[in-house]
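Taking it in order: structure first as structure tokens, then the write-up.
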Amino acid sequence: MRKIILIFSFLIFITSCKENIKDKNLEISSLTGSVDTFIGTGGHGHTYPGATVPFGMLQVSPVNGISSWDWCSGYHYSDSIAVGFSHLSLSGTGIGDLADLLFMPINKEVDLSVMPKSRDSLNYKSSYSHKNEKSTPGYYQVFLEDHDINVELTTGLRTAYHKYTFKEDDTQSVVVDLGFGINWDKATESSISVEDNYTISGYRYSTGWAKNQKVFFVAKFSKPISKYSLVSDNTVVKNNTIKGEQTATQLFFEANKNNELLVKVALSSVNVANAKDNLEPDGFKFEEVRAKANTTWNESLSKIKVETPIDSLKTIFYTAMYHSQLAPVTFSDKNGQFRKENDSIKIAKGYTAYSTLSLWDTFRAEQPLLTLLAPEKVSDIINTMLAYYETNKILPVWTLYGNETNTMTGYHSIPVIVEAYLKGITGFDVEKLYEAMKTTMMQNERGLDHYKKYGYIPYNLLDESVTITLEYAYDDWCIAQMAKALGKNKDYSYFLNRSKAYQHLFDAETGFMRGKSDDGKSWNEPFDPKYSNHREHTDYTEGNAWQHSWFVPHDVKSFIGLHGSDEVFTERLEQLFTESSEITGANTSADISGLIGQYAHGNEPSHHIAYMFNTANKPWRTQYWVRHILDTQYNTTPNGLSGNEDCGQMSAWYVLSSIGLYPMNPASTEYEIGSPIFEKSIISVSENKTFVIEAENVSSKNIYIQSATLNGELFNQSSISHKTIWEGGTLHFVMGDTPNKSWGLNKNNIH
């Protein structure tokens with residue numbers, strides 16, 4: 001009897017373990033089900049719905065074929081015409097490019113020698129309906145109504161997979177168009193070779209936002225090519241290889257009672273041989289690759305787990321986690337090689353090289369988020385920056401497909417480097433990086449000559465002078481912190497002094513940062529803080545004085561002192577959110593969106609502002625406004641982002657703010673505390689260690705922190721260090737519907 005009882009107990013134990021494992025797997029596998037990849041594809045979000053993996057080289061996605069601002073990713077939810085499926089896409093940028101290597105399955109023969117004047121005259125386009133369109137992380141599907149073809153896409157890290165299901169007995173054909181004149185960039189040279197019955201290869205050189213983009217490719221098909229036509233610059237060429245400015249091919253395949261055609265495609269910035277090396281060798285295992293992509297995404301999404309009874313909040317959160325891990329993108333090939341803008345080939349030794357570095361945006365929250373989610377990738381990104389630095393002895397500003405675009409202001413590779421170093425991330429040459437930062441900020445390009453001469457940038461010598469000055473001041477402060485850590489005391493004093501440049505531009509009479517002339521006395525007149533002019537004849541970048549007068553994240557206490565007192569500062573800060581939302585000027589920036597008063601959540605310069613109440617001894621106002629932003633600027637529709645996603649920044653703001661944290665000054669290695677919206681958030685800081693944030697009684701009304709404990713000890717401060725989070729533990733908040741005005745004041749903060 002005892003033996004029977006023991007056996008029975010053992011069976012119960014085993015069953016219980018299996019159920020626990022099953023429950024755990026179910027929990028993880030459900031995370032991709034909480035992602036809606038169509039969020040941000042409408043409005044001004046500029047995201048794409050196609051298939052990719054975290055930080056993947058390929059983003060295989062539908063292309064609508066319109067070169068207009070809201071189609072920067074190649075796709076917009078308002079559209080219903082597809083011209084093909086490309087392999088490189090941008091997530092949420094304000095400038096369009098890529099959409100390279102267009103593949104389009106069709107069921108008829110077309111004349112590719114006729115150059116279309118517009119999308120309407122493109123003879124292989126097709127309509128589609130959102131009713132027969134589906135997208136999940138790592139997978140995309142759409143039915144092409146004009147061709148009766150179902151298209152499915154998935155991808156691995158460096159190989160994309162297509163599956164086309166044709167109507168029975170229909171012509172099975174694929175158009176590959178490398179010219180594609182209806183696009184953001186211009187093809188300068190391209191080539192296609194039909195290598196054998198199953199393989200094509202070639203390249204596309206183009207100029208656009210990336211001035212020197214070179215994409216090499218190889219594509220293999222699951223069926224033999226029965227016939228083909230090749231077109232170069234509107235001329236049919238009877239050969240197996242073509243070369244020209246604009247090239248295209250139409251390939252035909254036998255049906256053979258098999259309605260499916262599978263394709264796998266790999267790219268390289270270096271050459272066709274590397275593209276072939278990047279191509280996965282093992283057949284056309286579409287479903288296996290799709291499942292692996294789903295698993296990879298589940299693992300990445302599970303780095304932060306949240307608990308809430310509100311499904312919409314879970315959808316917004318995990319979609320934000322998804323968008324936060326699309327860029328930067330893998331750029332080096334399987335063998336480590338990648339091309340730089342000067343056509344030199346670099347080998348990434350011991351790291352993966354990345355591109356799509358939207359640093360003006362991502363240094364604020366996306367890069368800090370990656371220090372929590374993927375610190376090893378942060379190290380790789382920094383090594384990539386150093387490789388790009390070697391080209392012109394200037395650190396990256398905005399790198400696209402290995403090209404420096406110099407888009408936007410500042411040199412915000414610097415705070416990314418300093419933040420990583422001070423957070424203890426390793427794997428890079430610290431002295432080389434320090435020298436790169438110092439050299440970058442001591443050269444004379446992009447207004448630094450004026451900045452060094454005057455201590456600020458005079459408005460009469462350079463447009464966007466206020467924004468550029470403020471951002472250089474922050475970059476200087478970051479270098480000063482690293483100089484201090486490395487014992488470079490002379491540099492520390494020099495750059496710390498330069499970081500006070502913001503003081504030159506503060507107008508005590510109006511309370512705004514204003515353009516000052518080179519005489520050191522005269523303000524730019526007339527002055528209207530609501531006035532915006534886009535990129536030219538303006539003192540502010542994509543905004544106005546209301547939005548750009550708060551960028552002093554490195555010296556908030558002194559900045560408050562310029563205003564006179566905490567009270568004056570917070571009154572002006574409140575006015576930012578309550579002022580009328582009118583923007584004046586004839587050429588206002590479209591980037592000014594997501595307005596709450598004059599606060600513009602749709603563009604990055606506003607993202608840190610709500611957290612400044614913490615330093616001014618009114619943390620309950622940070623809690624109020626952060627919760628208001630979370631509630632009003634994000635939703636589960638295609639219009640669910642209030643502005644450009646900007647390569648993960650808009651979503652990273654949500655991820656961090658929704659769990660109650662935000663890096664107002666990333667290089668300080670501290671996170672400001674806001675208003676958590678989830679009952680529990682679990683950050684996996686290592687395989688066996690978590691940091692848990694609990695919000696007891698949290699609700700749509702209970703937005704204010706009443707009290708807090710950290711690992712059971714009283715916690716009464718409005719910031720927390722990265723080191724504390726990385727050590728693991730539990731931060732427990734008690735929430736209520738009225739402010740506790742004695743919680744989290746500066747006098748309680750321990751730094």
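Convention: chains lettered A, B, ... in structure tokens order; per-chain residue numbering from 1; ligands numbered from 1 as shown.
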
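Summary of the local environment: counting only C-alpha atoms, residues at most 7 Å from segment 708-711 of chain A, other than itself and those fewer than 5 positions away along its chain, are Asn716, Gly729, Thr730, Leu731, His732, Phe733 and Val734 of chain A.
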
Save out the residues we just selected, N, CA, C and O atoms, as a tab-separated table (two decimals), in the first residue's frame.
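The resulting file, again.tsv, is shown below:
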```tsv
chain	number	residue	atom	x	y	z
A	716	ASN	N	11.57	56.55	-0.40
A	716	ASN	CA	10.89	57.85	-0.47
A	716	ASN	C	11.68	58.81	-1.35
A	716	ASN	O	12.07	59.89	-0.92
A	729	GLY	N	15.48	42.77	-7.22
A	729	GLY	CA	14.72	43.13	-6.03
A	729	GLY	C	13.28	43.48	-6.38
A	729	GLY	O	12.81	43.20	-7.49
A	730	THR	N	12.60	44.10	-5.43
A	730	THR	CA	11.19	44.45	-5.61
A	730	THR	C	10.95	45.89	-5.15
A	730	THR	O	11.27	46.26	-4.02
A	731	LEU	N	10.42	46.69	-6.06
A	731	LEU	CA	10.00	48.06	-5.75
A	731	LEU	C	8.49	48.04	-5.69
A	731	LEU	O	7.82	47.77	-6.69
A	732	HIS	N	7.95	48.30	-4.51
A	732	HIS	CA	6.50	48.18	-4.28
A	732	HIS	C	5.90	49.56	-4.03
A	732	HIS	O	6.31	50.28	-3.11
A	733	PHE	N	4.96	49.94	-4.90
A	733	PHE	CA	4.23	51.20	-4.73
A	733	PHE	C	2.83	50.93	-4.23
A	733	PHE	O	2.20	49.93	-4.61
A	734	VAL	N	2.34	51.82	-3.40
A	734	VAL	CA	0.91	51.86	-3.05
A	734	VAL	C	0.33	53.09	-3.74
A	734	VAL	O	0.84	54.20	-3.56
```

For this session: Would you mind listing what lies within 6 Å of Ala501 of chain A as a PyMOL selection string, with only C-alpha atoms counted and same-chain residues fewer than 2 positions away left out?
Result: chain A and resi 455-456+473+498-499+503-504

For this session: Pick out each residue of segment 506-698 of chain A that DSSP on the backbone tags as strand (DSSP E or B); I need them as a PyMOL selection string.
Result: chain A and resi 506-507+512-513+516+523+531+584+595-596+599-600+634+641+661-662+670-673+680-686+689-696

Would you list the contacts of Thr296 of chain A as a short mmCIF file (atom, residue, chain, number, x, y, z; two decimals) with C-alpha atoms, in the first residue's frame, taking every protein, DNA or RNA residue within 10 Å and counting only C-alpha atoms, but skipping same-chain residues closer than 4 positions in sequence?
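Once written, out35.cif looks like this:
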```cif
data_model
loop_
_atom_site.label_atom_id
_atom_site.label_comp_id
_atom_site.auth_asym_id
_atom_site.auth_seq_id
_atom_site.Cartn_x
_atom_site.Cartn_y
_atom_site.Cartn_z
CA THR A 32 3.31 37.62 -29.61
CA VAL A 53 13.10 39.33 -36.24
CA PRO A 54 14.59 41.39 -33.39
CA PRO A 137 5.74 39.28 -35.22
CA GLY A 138 7.87 37.52 -37.83
CA GLY A 156 15.32 34.72 -40.16
CA ARG A 290 7.99 31.25 -39.15
CA ALA A 291 7.77 29.25 -35.92
CA LYS A 292 11.38 30.07 -35.06
CA SER A 300 12.62 39.09 -26.65
CA LEU A 301 9.18 40.25 -25.52
#
```

For this session: Write out as a list of chain:residue names which residues come within 12 Å of Thr439 of chain A when counting only C-alpha atoms, dropping same-chain ones fewer than 2 positions away.
Result: A:Tyr389, A:Glu390, A:Asn392, A:Lys393, A:Ile394, A:Leu395, A:Tyr411, A:Ile414, A:Lys432, A:Leu433, A:Tyr434, A:Glu435, A:Ala436, A:Met437, A:Met441, A:Met442, A:Gln443, A:Asn444, A:Glu445, A:Leu448, A:Asp476, A:Ile479, A:Asp491

For this session: Record the distance separating atom CA of Leu505 of chain A and atom CA of Pro458 of chain A, expressed in Å with one decimal.
Result: 9.4 Å

For this session: Give the answer as one residue: which of A:Phe143, A:Gly515, A:Lys438, A:Pro116 has the shortest atom-to-atom distance to Leu461 of chain A, using only C-alpha atoms?
Result: A:Gly515

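If you measure from each of A:Gln598, A:Thr391, A:Ser565, A:Asn544 to Asp343 of chain A using only C-alpha atoms, the closest one turns out to be A:Thr391.
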
For this session: Do a neighbour search on Thr637 of chain A at 9 Å with only C-alpha atoms, toss out local chain neighbours closer than 2 positions, and write the hits as a ChimeraX atom specification.
Result: /A:36,38-42,634-635,639-641

How would the residues just chosen look if you wrote them out with C-alpha atoms as a PDB file, in the first residue's frame?
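Writing done, so here's part19.pdb:
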```pdb
ATOM      1  CA  ASP A  36      -0.598  44.331 -33.060  1.00  0.00           C
ATOM      2  CA  PHE A  38      -0.547  47.442 -37.519  1.00  0.00           C
ATOM      3  CA  ILE A  39      -0.342  49.954 -34.659  1.00  0.00           C
ATOM      4  CA  GLY A  40       1.579  52.917 -36.074  1.00  0.00           C
ATOM      5  CA  THR A  41       0.978  52.049 -39.742  1.00  0.00           C
ATOM      6  CA  GLY A  42      -1.677  54.777 -39.917  1.00  0.00           C
ATOM      7  CA  TYR A 634      -1.185  55.698 -27.479  1.00  0.00           C
ATOM      8  CA  ASN A 635      -3.995  53.349 -28.524  1.00  0.00           C
ATOM      9  CA  ASN A 639      -3.323  55.531 -35.621  1.00  0.00           C
ATOM     10  CA  GLY A 640      -2.087  54.413 -32.209  1.00  0.00           C
ATOM     11  CA  LEU A 641       1.086  56.527 -32.208  1.00  0.00           C
TER      12      LEU A 641
END
```

Exercise. Counting only C-alpha atoms, what is within 8 Å of Gly427 of chain A, bar same-chain residues fewer than 2 positions away, as a list in words?
Worked result: Ser379, Asp380, Ile425 and Asp429 of chain A

Using only C-alpha atoms, find each residue in segment 503-593 of chain A having at least one atom no more than 12 Å away from segment 614-627 of chain A; report its shortest atom-to-atom pair and that distance in Å (one decimal), rows by chain then rising number, as a Markdown table.
```
| residue | atom | partner | partner_atom | distance |
| --- | --- | --- | --- | --- |
| A:Pro553 | CA | A:Thr615 | CA | 10.4 |
| A:His554 | CA | A:Thr615 | CA | 11.5 |
| A:Asp555 | CA | A:Thr615 | CA | 10.1 |
| A:Val556 | CA | A:Thr615 | CA | 7.0 |
| A:Lys557 | CA | A:Thr615 | CA | 6.8 |
| A:Ser558 | CA | A:Thr615 | CA | 10.5 |
| A:Phe559 | CA | A:Ala616 | CA | 10.2 |
| A:Ile560 | CA | A:Ala616 | CA | 7.3 |
| A:Gly561 | CA | A:Ala616 | CA | 10.0 |
| A:His563 | CA | A:Ala616 | CA | 11.2 |
| A:Gly564 | CA | A:Ala616 | CA | 11.5 |
| A:Ser565 | CA | A:Ala616 | CA | 8.5 |
| A:Asp566 | CA | A:Ala616 | CA | 5.1 |
| A:Glu567 | CA | A:Ala616 | CA | 7.8 |
| A:Val568 | CA | A:Ala616 | CA | 9.8 |
| A:Phe569 | CA | A:Ala616 | CA | 7.5 |
| A:Thr570 | CA | A:Ala616 | CA | 6.9 |
| A:Glu571 | CA | A:Ala616 | CA | 10.6 |
| A:Arg572 | CA | A:Ala616 | CA | 11.7 |
| A:Leu573 | CA | A:Arg621 | CA | 9.8 |
| A:Glu574 | CA | A:Arg621 | CA | 8.6 |
| A:Leu576 | CA | A:Trp625 | CA | 11.1 |
| A:Phe577 | CA | A:Trp625 | CA | 8.4 |
| A:Thr578 | CA | A:Trp625 | CA | 10.9 |
```

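Between atom CA of Ser73 of chain A and atom CA of Leu369 of chain A there is a distance of 23.2 Å.
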